[in-house]
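> Right, I'll just put the structure down here and ask away after.
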Amino acid sequence: MASTFASVTSGFPQAYNRGMKSRAAVLTCLTLIAFTAALMLRDRLTTISAADSEPFTWGANHPTWSPNASKLAFSLFGGIWKVPANGGEARQLTTSSGYHARPSWSPNGLRIAYIKGENPRGRIPNTSGKLAVVDLISSTEREIDTPHPTAGASAWSMDSTKLFCALQVPGAGALLHEIDLRTGTVKRLQERTQRTAAGPWADVSSSADGKELFFAAQRKGEPQIWSMPAERQGLMIQLPLTS
């Protein structure tokens, strides 16, 4: 009996050790599962908060066609992206700092101009800042020097060497300018309105032949659609197309 008791009691440490090892293995497994779940939850929460955070409030906006109408460029998550016009996988084109908006595709299809500024505020996702261009072949991004901040979507000349863009001139509002990308020359196309300053924003588009500019702006009273010649020669007539 004594020997039987001794053999049974001598087995207790081994059984205890085996139980402890098994329990430790279970705890380790549970810890790994909990850690993995925490990482997955963290990634999920990060994605949700990123989608709902202030820089990404607006989602995809400001679409613009490629010259051959096969693609669309747009602003998303603070960058410029492109996607096939028939749908498909979107590809991010700009990755530098700042909030990128208002893309404009060059007629030769090689570059996209955009605004590089602060996160949009208010009800309308207007972004003011620097004028920038991304080269679609080399993926390089370049800021364009202008005397004042940009104030709306830009338009290209037909030879893809110039940009037409409104700049926020102090005391005068958003006035259209011509920017020569080869020389860096900036030429003002408009003067301050007579009685009051123009509104703070103007989106520009070019006619199919490149000879006329159309822009949405507040020149007097409510914002309207206006037209004017693309080349400034002496007295320039600006006509509202809407009332």
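We name chains A, B, ... following the order of the structure tokens; residues begin at 1 in each chain, and ligands are numbered from 1 as shown.
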Can you list, as a PyMOL selection string, every residue of segment 82-158 of chain A that DSSP puts in strand (DSSP E)?
chain A and resi 82-84+91-92+99-105+111-117+129-135+141-144+155-156
> Using only C-alpha atoms, determine which residues lie at most 6 Å from Gly79 of chain A, disregarding the query and same-chain residues fewer than 4 positions distant; provide the list as a PyMOL selection string.
chain A and resi 75+94+100
> Write the residues of the selection above to a file with N, CA and C atoms, as a short mmCIF file (atom, residue, chain, number, x, y, z; two decimals), in the first residue's frame.

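Written file, selection38.cif:
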data_model
loop_
_atom_site.label_atom_id
_atom_site.label_comp_id
_atom_site.auth_asym_id
_atom_site.auth_seq_id
_atom_site.Cartn_x
_atom_site.Cartn_y
_atom_site.Cartn_z
N SER A 75 -9.88 63.67 -57.75
CA SER A 75 -9.26 63.85 -56.43
C SER A 75 -9.88 62.86 -55.46
N THR A 94 -0.47 61.15 -57.55
CA THR A 94 0.31 62.09 -56.74
C THR A 94 0.38 61.60 -55.30
N HIS A 100 -4.52 67.49 -52.61
CA HIS A 100 -4.48 67.71 -54.05
C HIS A 100 -5.89 67.67 -54.63
#
> Which residues come within 6 Å of segment 189-202 of chain A, counting only C-alpha atoms, excluding same-chain residues fewer than 3 positions away, as a list in words?
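Near segment 189-202 of chain A, the qualifying residues are Ala151, Gly152, Ala166, Ala172, Gly173, Ala174, Leu175, Leu176, His177, Ala216, Ala217, Gln218 and Arg219 of chain A.
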> Using only C-alpha atoms, pick whichever of A:Ala60, A:Leu110, A:Ala155, A:Ala208 has the shortest atom-to-atom distance to Asp135 of chain A.
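When distances to Asp135 of chain A are compared using only C-alpha atoms, the smallest one comes from A:Leu110.
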> So that I can check the surroundings of Trp81 of chain A, please list as a PyMOL selection string every protein, DNA and RNA residue that reaches within 12 Å of it, counting only C-alpha atoms and ignoring chain neighbours fewer than 5 positions away.
chain A and resi 59-65+71-76+89-95+100-105+112+114+134+136+139
> For atom CA of Pro149 of chain A and atom CA of Leu167 of chain A, quote the distance in Å rounded to one decimal.
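So the answer is 5.5 Å.
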> How many Å separate atom CA of Lys211 of chain A from atom CA of Ser160 of chain A?
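Separation between atom CA of Lys211 of chain A and atom CA of Ser160 of chain A: 13.5 Å.
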> Please list as a ChimeraX atom specification every residue within 7 Å of Val133 of chain A, counting only C-alpha atoms and excluding residues in the same chain fewer than 5 positions away.
/A:111-114,141-143
> Interatomic distance between atom CA of Gly109 of chain A and atom CA of Ser157 of chain A?
12.4 Å
> Just want the 6 Å neighbourhood of Phe215 of chain A, counted on only C-alpha atoms, with same-chain residues fewer than 3 positions away dropped. Output as a list in words.
Asp203, Val204, Ile225 and Trp226 of chain A
> List the neighbours of Gly210 of chain A out to 8 Å using only C-alpha atoms; skip same-chain residues closer than 2 positions along the sequence, and give me the result as number ranges by chain.
A: 157-158, 206-208, 212-213, 230
> From the options A:Ala153, A:Thr140, A:Glu178, A:Phe164, which residue's atoms come nearest to Asn126 of chain A, counting only C-alpha atoms?
A:Ala153
